[in-house]
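Participant: Next comes the structure file model03.txt, holding compact mmCIF, C-alpha atoms and all ligand atoms.
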# COMPACT_ATOMS: atom_id res chain seq x y z
CA MET A 121 0.00 0.00 0.00
CA THR A 122 1.23 3.49 -0.84
CA GLU A 123 2.39 5.42 2.20
CA GLN A 124 0.27 8.56 2.55
CA ILE A 125 2.78 11.39 2.66
CA SER A 126 0.53 14.04 1.21
CA GLU A 127 -3.05 15.14 1.82
CA GLY A 128 -3.43 17.08 -1.40
CA LEU A 129 -1.68 14.97 -4.01
CA SER A 130 -3.64 11.80 -4.77
CA GLU A 131 -2.27 8.38 -3.96
CA THR A 132 -2.09 7.70 -7.70
CA THR A 133 0.08 10.74 -8.28
CA VAL A 134 2.36 9.96 -5.35
CA ALA A 135 2.72 6.41 -6.71
CA GLU A 136 3.63 7.82 -10.12
CA LEU A 137 6.21 10.11 -8.52
CA ARG A 138 7.76 7.11 -6.82
CA GLU A 139 7.66 5.17 -10.10
CA LEU A 140 9.56 7.97 -11.83
CA ALA A 141 12.17 8.06 -9.07
CA ALA A 142 12.70 4.31 -9.54
CA ARG A 143 13.33 4.68 -13.30
CA TYR A 144 16.74 6.27 -12.85
CA PRO A 145 20.01 4.88 -11.45
CA GLN A 146 20.24 8.13 -9.47
CA ALA A 147 16.73 8.84 -8.16
CA ARG A 148 17.29 12.60 -8.11
CA SER A 149 17.53 12.51 -11.92
CA ALA A 150 13.73 12.09 -11.86
CA LEU A 151 13.10 15.51 -10.37
CA LEU A 152 12.31 17.25 -13.68
CA PRO A 153 9.61 14.78 -14.81
CA MET A 154 8.29 14.59 -11.23
CA LEU A 155 7.67 18.33 -11.18
CA HIS A 156 5.72 18.00 -14.42
CA ILE A 157 3.56 15.33 -12.78
CA VAL A 158 2.93 17.64 -9.82
CA GLN A 159 1.78 20.28 -12.31
CA SER A 160 -0.46 17.77 -14.08
CA GLU A 161 -2.46 17.30 -10.89
CA GLN A 162 -2.22 20.65 -9.16
CA GLY A 163 -1.92 23.02 -12.11
CA ARG A 164 1.38 24.43 -10.88
CA VAL A 165 4.32 23.51 -8.67
CA THR A 166 2.87 23.91 -5.20
CA ALA A 167 4.74 24.10 -1.90
CA GLU A 168 3.24 20.71 -1.18
CA GLY A 169 4.54 19.29 -4.47
CA ILE A 170 8.02 20.56 -3.64
CA GLU A 171 7.85 18.95 -0.21
CA VAL A 172 6.68 15.58 -1.56
CA CYS A 173 9.32 15.47 -4.31
CA GLY A 174 11.97 16.31 -1.72
CA GLN A 175 10.78 13.54 0.61
CA ILE A 176 10.82 10.92 -2.15
CA LEU A 177 14.23 11.95 -3.49
CA GLY A 178 15.95 12.79 -0.22
CA LEU A 179 16.41 16.42 -1.26
CA THR A 180 15.79 19.55 0.76
CA GLU A 181 12.91 21.83 -0.15
CA ALA A 182 15.49 24.48 -1.02
CA GLU A 183 17.11 22.13 -3.54
CA VAL A 184 13.80 21.25 -5.18
CA SER A 185 12.74 24.91 -5.19
CA ALA A 186 16.00 25.89 -6.87
CA VAL A 187 15.12 23.62 -9.79
CA ALA A 188 11.43 24.55 -9.90
CA THR A 189 12.21 28.26 -10.06
CA PHE A 190 15.00 27.94 -12.63
CA TYR A 191 13.06 26.49 -15.57
CA THR A 192 10.26 28.48 -17.16
CA MET A 193 8.14 25.39 -17.87
CA TYR A 194 7.48 25.13 -14.12
CA LYS A 195 4.71 27.44 -13.03
CA ARG A 196 4.27 28.90 -9.57
CA ARG A 197 0.89 30.46 -10.30
CA PRO A 198 -2.27 28.55 -11.28
CA MET A 199 -2.48 27.93 -15.01
CA GLY A 200 -5.52 28.16 -17.23
CA THR A 201 -6.94 25.15 -19.06
CA HIS A 202 -4.62 25.91 -21.96
CA HIS A 203 -1.18 27.46 -22.10
CA VAL A 204 -0.66 29.60 -25.20
CA GLY A 205 2.95 30.56 -25.77
CA VAL A 206 3.84 33.02 -28.50
CA CYS A 207 7.47 32.96 -29.56
CA THR A 208 8.83 36.49 -29.52
CA ASN A 209 12.47 35.51 -29.84
CA THR A 210 14.39 37.33 -32.57
CA LEU A 211 13.35 35.52 -35.75
CA CYS A 212 9.72 34.95 -34.79
CA ALA A 213 9.51 38.54 -33.53
CA VAL A 214 10.57 40.06 -36.84
CA MET A 215 8.41 37.60 -38.76
CA GLY A 216 5.29 38.71 -36.87
CA GLY A 217 5.52 37.15 -33.39
CA ASP A 218 5.49 40.51 -31.62
CA GLU A 219 2.35 41.53 -33.49
CA ILE A 220 0.66 38.20 -32.75
CA PHE A 221 1.43 38.58 -29.05
CA GLU A 222 0.11 42.14 -28.91
CA ARG A 223 -3.07 41.23 -30.80
CA LEU A 224 -3.71 38.27 -28.47
CA CYS A 225 -3.17 40.46 -25.40
CA GLY A 226 -5.83 42.84 -26.69
CA HIS A 227 -8.21 40.10 -27.83
CA LEU A 228 -7.96 38.13 -24.56
CA ASP A 229 -7.62 41.21 -22.33
CA VAL A 230 -4.57 39.81 -20.54
CA GLY A 231 -0.89 40.61 -20.30
CA ASN A 232 2.13 38.36 -20.28
CA ASP A 233 1.78 35.36 -17.96
CA GLU A 234 -1.84 36.18 -17.18
CA THR A 235 -4.98 34.05 -17.43
CA THR A 236 -8.29 35.02 -19.01
CA GLU A 237 -11.24 35.67 -16.70
CA ASP A 238 -12.91 32.43 -17.78
CA GLY A 239 -9.79 30.50 -16.77
CA ARG A 240 -9.40 28.98 -20.24
CA ILE A 241 -6.20 30.58 -21.54
CA THR A 242 -2.89 31.56 -19.95
CA LEU A 243 -0.88 33.68 -22.38
CA GLU A 244 2.90 33.87 -22.24
CA ARG A 245 5.80 35.12 -24.29
CA VAL A 246 8.08 32.15 -24.88
CA GLU A 247 11.63 31.80 -26.04
CA CYS A 248 12.80 30.09 -29.23
CA ASN A 249 11.14 26.69 -29.70
CA ALA A 250 13.72 25.47 -32.21
CA ALA A 251 11.14 25.82 -34.97
CA CYS A 252 12.53 29.00 -36.52
CA ASP A 253 12.02 27.56 -40.02
CA PHE A 254 8.27 27.87 -39.34
CA ALA A 255 8.35 31.39 -37.86
CA PRO A 256 6.30 32.90 -36.44
CA VAL A 257 5.45 30.02 -34.12
CA MET A 258 2.83 29.71 -31.40
CA MET A 259 2.65 26.81 -28.94
CA VAL A 260 -0.51 25.49 -27.33
CA ASN A 261 0.26 23.17 -24.44
CA TRP A 262 3.65 22.73 -26.17
CA GLU A 263 2.20 21.61 -29.50
CA PHE A 264 3.36 23.58 -32.55
CA PHE A 265 1.27 26.06 -34.50
CA ASP A 266 3.52 26.98 -37.41
CA ASN A 267 3.55 30.03 -39.68
CA GLN A 268 0.97 31.91 -37.67
CA THR A 269 -0.70 35.25 -38.31
CA PRO A 270 -2.62 37.40 -35.81
CA GLU A 271 -5.86 36.17 -37.39
CA SER A 272 -4.97 32.46 -37.25
CA ALA A 273 -3.79 32.82 -33.63
CA ILE A 274 -7.02 34.55 -32.62
CA ASP A 275 -9.01 31.81 -34.37
CA VAL A 276 -7.14 29.15 -32.35
CA VAL A 277 -7.71 30.80 -28.97
CA ASP A 278 -11.38 31.44 -29.77
CA LYS A 279 -11.87 27.75 -30.55
CA LEU A 280 -10.04 26.72 -27.39
CA ARG A 281 -12.22 29.01 -25.28
CA SER A 282 -15.42 27.65 -26.81
CA GLY A 283 -14.30 24.07 -26.23
CA GLU A 284 -13.99 23.12 -29.91
CA THR A 285 -11.56 20.40 -30.88
CA VAL A 286 -8.35 22.00 -32.13
CA GLN A 287 -5.45 20.40 -33.96
CA SER A 288 -1.97 21.77 -34.23
CA THR A 289 -0.71 22.62 -37.71
CA ARG A 290 1.35 19.41 -37.46
CA GLY A 291 -1.68 17.26 -36.74
CA ALA A 292 -1.66 16.69 -32.98
CA THR A 293 -5.00 16.98 -31.20
CA ILE A 294 -4.83 19.59 -28.47
CA THR A 295 -5.57 18.24 -25.01
CA SER A 296 -5.41 20.36 -21.84
CA TRP A 297 -2.21 21.77 -20.38
CA ARG A 298 -2.50 19.41 -17.41
CA GLU A 299 -2.89 16.38 -19.68
CA ALA A 300 0.12 17.50 -21.69
CA GLU A 301 2.12 17.88 -18.48
CA ARG A 302 1.45 14.25 -17.61
CA VAL A 303 2.80 13.17 -21.00
CA ILE A 304 5.88 15.38 -20.60
CA GLY A 305 6.32 13.79 -17.18
CA GLY A 306 6.65 10.40 -18.80
CA PHE A 307 3.20 8.81 -18.96
CA GLU A 308 2.00 8.42 -22.55
CA ASP A 309 -1.54 9.23 -23.65
CA GLY A 310 -1.49 7.06 -26.77
CA LEU A 311 -1.37 10.07 -29.11
CA VAL A 312 2.37 10.11 -29.69
CA ASP A 313 2.12 9.20 -33.38
CA GLU A 314 -0.28 11.98 -34.34
CA GLY A 315 1.22 14.17 -37.04
CA PRO A 316 4.61 14.03 -38.76
CA ALA A 317 7.86 13.99 -36.82
CA ALA A 318 9.24 16.86 -38.93
CA GLY A 319 7.65 19.39 -41.28
CA PRO A 320 8.77 20.08 -44.88
CA ALA A 321 10.86 23.14 -44.03
CA SER A 322 12.94 21.07 -41.59
CA LEU A 323 13.61 18.45 -44.24
CA VAL A 324 14.99 20.73 -46.97
CA GLY A 325 18.59 20.13 -45.94
CA LEU A 326 18.03 16.39 -46.00
CA GLU A 327 16.55 16.61 -49.51
CA ILE A 328 19.57 18.56 -50.75
CA ALA A 329 21.92 16.01 -49.17
CA ASP A 330 19.97 13.17 -50.80
CA GLN A 331 20.09 14.86 -54.20
CA ARG A 332 23.82 15.50 -53.98
CA GLY A 333 24.76 12.17 -52.46
CA TRP A 334 26.04 13.70 -49.24
CA ALA A 335 26.31 11.56 -46.13
CA ALA A 336 27.60 11.91 -42.59
CA PRO A 337 31.20 10.72 -42.04
CA PRO A 338 31.42 7.01 -41.19
CA LEU A 339 31.70 5.95 -37.56
CA ASP A 340 34.62 3.89 -36.34
CA ALA A 341 34.25 0.69 -34.29
CA SER A 342 33.73 2.68 -31.08
CA GLY A 343 30.79 4.52 -32.60
CA THR A 344 32.55 7.87 -32.92
CA GLU A 345 33.31 9.73 -36.11
CA ALA A 346 36.48 8.45 -37.80
CA ARG A 347 39.09 11.21 -37.49
CA PRO A 348 41.98 11.94 -39.84
CA GLU A 349 45.28 10.99 -38.26
CA SER A 350 47.13 14.19 -39.11
CA THR A 351 46.48 17.79 -40.02
CA THR A 352 47.77 17.13 -43.52
CA GLU A 353 45.32 14.25 -43.92
CA ALA A 354 42.45 16.40 -42.59
CA VAL A 355 43.25 19.19 -45.06
CA ALA A 356 43.45 16.69 -47.92
CA GLU A 357 40.08 15.18 -46.93
CA ALA A 358 38.48 18.61 -46.73
CA ASP A 359 39.88 19.58 -50.14
CA THR A 360 38.63 16.35 -51.70
CA SER A 361 35.23 16.75 -50.13
CA ARG A 362 34.94 20.37 -51.30
CA ALA A 363 36.07 19.47 -54.80
CA GLU A 364 33.48 16.68 -54.98
CA SER A 365 30.74 19.04 -53.84
CA GLU A 366 31.75 21.67 -56.37
CA THR A 367 31.81 19.08 -59.13
CA VAL A 368 28.32 17.94 -58.22
CA ALA A 369 27.12 21.53 -58.04
CA GLU A 370 28.54 22.25 -61.49
CA GLN A 371 26.93 19.16 -62.95
CA THR A 372 23.51 20.37 -62.12
CA ASP A 373 21.66 23.61 -61.79
CA THR A 374 19.28 21.81 -59.49
CA ASP A 375 18.27 23.31 -56.23
CA VAL A 376 15.34 22.59 -54.01
CA GLU A 377 13.14 24.99 -55.90
CA GLY A 378 13.40 23.23 -59.21
CA GLY A 379 15.76 22.32 -62.05
CA ALA A 380 17.02 19.04 -63.48
CA ASP A 381 16.75 15.82 -61.54
CA LEU A 382 20.27 15.30 -60.19
CA GLN A 383 19.92 11.58 -59.72
CA GLU A 384 18.81 11.18 -63.31
CA SER A 385 21.68 13.35 -64.62
CA GLU A 386 24.18 11.26 -62.66
CA GLY A 387 22.55 7.98 -63.52
CA VAL A 388 22.17 7.15 -59.81
CA ASP A 389 19.79 4.30 -59.06
CA ASP A 390 17.46 4.38 -56.06
S1 LIG A 401 12.76 32.28 -32.90
FE1 LIG A 401 10.77 31.43 -32.69
S2 LIG A 401 11.06 29.31 -32.92
FE2 LIG A 401 13.06 30.12 -33.03
Starting from the file, give its structure as C-alpha cells.
Facilitator:
Amino acid sequence: MTEQISEGLSETTVAELRELAARYPQARSALLPMLHIVQSEQGRVTAEGIEVCGQILGLTEAEVSAVATFYTMYKRRPMGTHHVGVCTNTLCAVMGGDEIFERLCGHLDVGNDETTEDGRITLERVECNAACDFAPVMMVNWEFFDNQTPESAIDVVDKLRSGETVQSTRGATITSWREAERVIGGFEDGLVDEGPAAGPASLVGLEIADQRGWAAPPLDASGTEARPESTTEAVAEADTSRAESETVAEQTDTDVEGGADLQESEGVDD
C-alpha cells in the first residue's frame, strides 16, 4: 500500500512520482519529470509538491525549489486550461511574433503570464522553440502552430475558449495543459504518433543532401566519427570533399526549388 505522505496529491500521483524516481540509477535525476507530474495534478508547482518530491528523493525543499524556479516550464501560479505561448524571440519577432502577441493580449484582455477571466487561456511570451524555419510560431500546451498570423492565432484561442476540438498545424490533437504535463512527465496518452515527426521546411537540408549524395562521415568501431590521423590528412580530406561538392554543383543547376533531376543526370539508381 502506498504510504500517505501528502493530503493534497492523490495516492495515484504519489505512486507515479515514486515510479519515476525508480526509473533512474540516481533517483534525483527524476526531479524534472516529477515536477511536471505535480503540475499535471495541481496546475502548478505547489509548496506541497516541492515537499513531496523532496521527501521521495531525499532532497531539501530548497534544492527542489532551486530547480522549480530555474526552468520556465514550471509554473508557480495557477495555469488556465490551456497554455498559449507566443514565440517572440528574434526571428519569430521580426516575422510577426510581436504583433501576434500584442493582438492576443488585446483580444484576450490579458498581459504576459496572465490568465483570461474564464480560466481557459494563460498567455505567455516564450523563447525560441527550435522551430525557426516555421516562424512565427505559437505553442498550445507545447504543440506547434507553425507560420501563424494574428488572425490564425485569434481563431485558435477562440476555438479553445469555446471548447472546440483544435489540432496543431502538425496534426496533434490539443488536449489540456494538465494532460500534456502528464505526457511530458513520462506517462504516454497514446497520441504520440499523431502528425509528422518533422515538417517540410525542416527536411529541406536532408533533400539537398539526398540529391547531392552527401552523407555523414562514417563511424569507427567505437561509434565515434572516424578522425583523420594528421592535419595534412584532414586538409586533404576537406579539399577532396569540397572538390566533390563543387563538381556535383557544377553538374547540375538543381536546387530545391526546381531544375534538373540530379539523380537522373548522374545515372544514380534508387
Ligand atoms: S525564434 Fe521562434 S522558434 Fe526560433
Participant: Using all atoms of ligand LIG 401 (chain A) that appear in the file, construct an axis-aligned enclosing box with 3 Å of padding on every side and provide its centre coordinates and edge lengths in Å, rounded to one decimal, as AutoDock Vina command-line options.
Facilitator:
--center_x 11.9 --center_y 30.8 --center_z -32.9 --size_x 8.3 --size_y 9.0 --size_z 6.3
Participant: What lies within 10 Å of segment 269-279 of chain A using all atoms listed in the file, ignoring chain neighbours under 2 positions off, as a ChimeraX atom specification?
Facilitator: /A:202,204,206,215-224,227-228,240-241,243,255-260,265-267,281-288
Participant: Would you mind listing the residues within 8 Å of ligand LIG 401 (chain A), counting only C-alpha atoms and all ligand atoms, as a list in words?
Facilitator: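 Residues satisfying the distance criterion: Cys207, Thr208, Asn209, Thr210, Leu211, Cys212, Ala213, Gly217, Glu247, Cys248, Asn249, Ala250, Ala251, Cys252, Asp253, Phe254, Ala255, Pro256 and Val257 of chain A.
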Participant: Would you export the selected residues with C-alpha atoms as a short mmCIF file (atom, residue, chain, number, x, y, z; two decimals), in the frame of the given file, please?
Facilitator:
data_model
loop_
_atom_site.label_atom_id
_atom_site.label_comp_id
_atom_site.auth_asym_id
_atom_site.auth_seq_id
_atom_site.Cartn_x
_atom_site.Cartn_y
_atom_site.Cartn_z
CA CYS A 207 7.47 32.96 -29.56
CA THR A 208 8.83 36.49 -29.52
CA ASN A 209 12.47 35.51 -29.84
CA THR A 210 14.39 37.33 -32.57
CA LEU A 211 13.35 35.52 -35.75
CA CYS A 212 9.72 34.95 -34.79
CA ALA A 213 9.51 38.54 -33.53
CA GLY A 217 5.52 37.15 -33.39
CA GLU A 247 11.63 31.80 -26.04
CA CYS A 248 12.80 30.09 -29.23
CA ASN A 249 11.14 26.69 -29.70
CA ALA A 250 13.72 25.47 -32.21
CA ALA A 251 11.14 25.82 -34.97
CA CYS A 252 12.53 29.00 -36.52
CA ASP A 253 12.02 27.56 -40.02
CA PHE A 254 8.27 27.87 -39.34
CA ALA A 255 8.35 31.39 -37.86
CA PRO A 256 6.30 32.90 -36.44
CA VAL A 257 5.45 30.02 -34.12
#
Participant: Pick out the closest residue to Gly163 of chain A from this set: A:Glu237, A:Asp330, A:Glu301, A:Asp309. Count all atoms listed in the file.
Facilitator: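 Nearest candidate to Gly163 of chain A out of A:Glu237, A:Asp330, A:Glu301, A:Asp309: A:Glu301.
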Participant: Go through A:Pro198, A:Gly226, A:Gly306, A:Gly231 one by one, measure the shortest atom-to-atom distance of each to Arg143 of chain A using only C-alpha atoms, and give the residue with the smallest value.
Facilitator: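 Checking each candidate against Arg143 of chain A, we get A:Gly306 as the closest.
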Participant: State, in Å with one decimal place, the distance from atom CA of Met199 of chain A to atom CA of Glu308 of chain A.
Facilitator: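 Atom CA of Glu308 of chain A lies at a distance of 21.4 Å from atom CA of Met199 of chain A.
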Participant: One decimal, Å: what's the distance from atom CA of Thr242 of chain A over to atom CA of Asp313 of chain A, could you say?
Facilitator: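 Atom-to-atom, atom CA of Thr242 of chain A to atom CA of Asp313 of chain A, that is 26.6 Å.
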Participant: So which residues touch segment 194-196 of chain A within 9 Å, counting all atoms listed in the file, skipping near sequence neighbours fewer than 3 positions away, as a list in words?
Facilitator: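 Within the cut-off, the hits are Leu155, His156, Gln159, Gly163, Arg164, Val165, Thr166, Val187, Ala188, Thr189, Phe190, Tyr191 and Met199 of chain A.
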Participant: Would you compute the distance between atom CA of Leu152 of chain A and atom CA of Thr235 of chain A? Give it in Å to one decimal.
Facilitator: 24.4 Å
Participant: Excluding same-chain residues fewer than 4 positions from Leu137 of chain A, what lies within 8 Å of it counting all atoms listed in the file, as a list in words?
Facilitator: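 These residues fall inside the cut-off: Thr133, Ala141, Met154, Ile157, Cys173 and Ile176 of chain A.
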Participant: Please produce an output containing C-alpha atoms for each residue in the selection, written as a PDB file, in the coordinates of the input.
Facilitator:
ATOM      1  CA  THR A 133       0.080  10.740  -8.280  1.00  0.00           C
ATOM      2  CA  ALA A 141      12.170   8.060  -9.070  1.00  0.00           C
ATOM      3  CA  MET A 154       8.290  14.590 -11.230  1.00  0.00           C
ATOM      4  CA  ILE A 157       3.560  15.330 -12.780  1.00  0.00           C
ATOM      5  CA  CYS A 173       9.320  15.470  -4.310  1.00  0.00           C
ATOM      6  CA  ILE A 176      10.820  10.920  -2.150  1.00  0.00           C
TER       7      ILE A 176
END
Participant: Nearest to Glu161 of chain A: which of A:Ser185, A:Ser322, A:Thr352, A:Thr132 is it, counting all atoms listed in the file?
Facilitator: A:Thr132
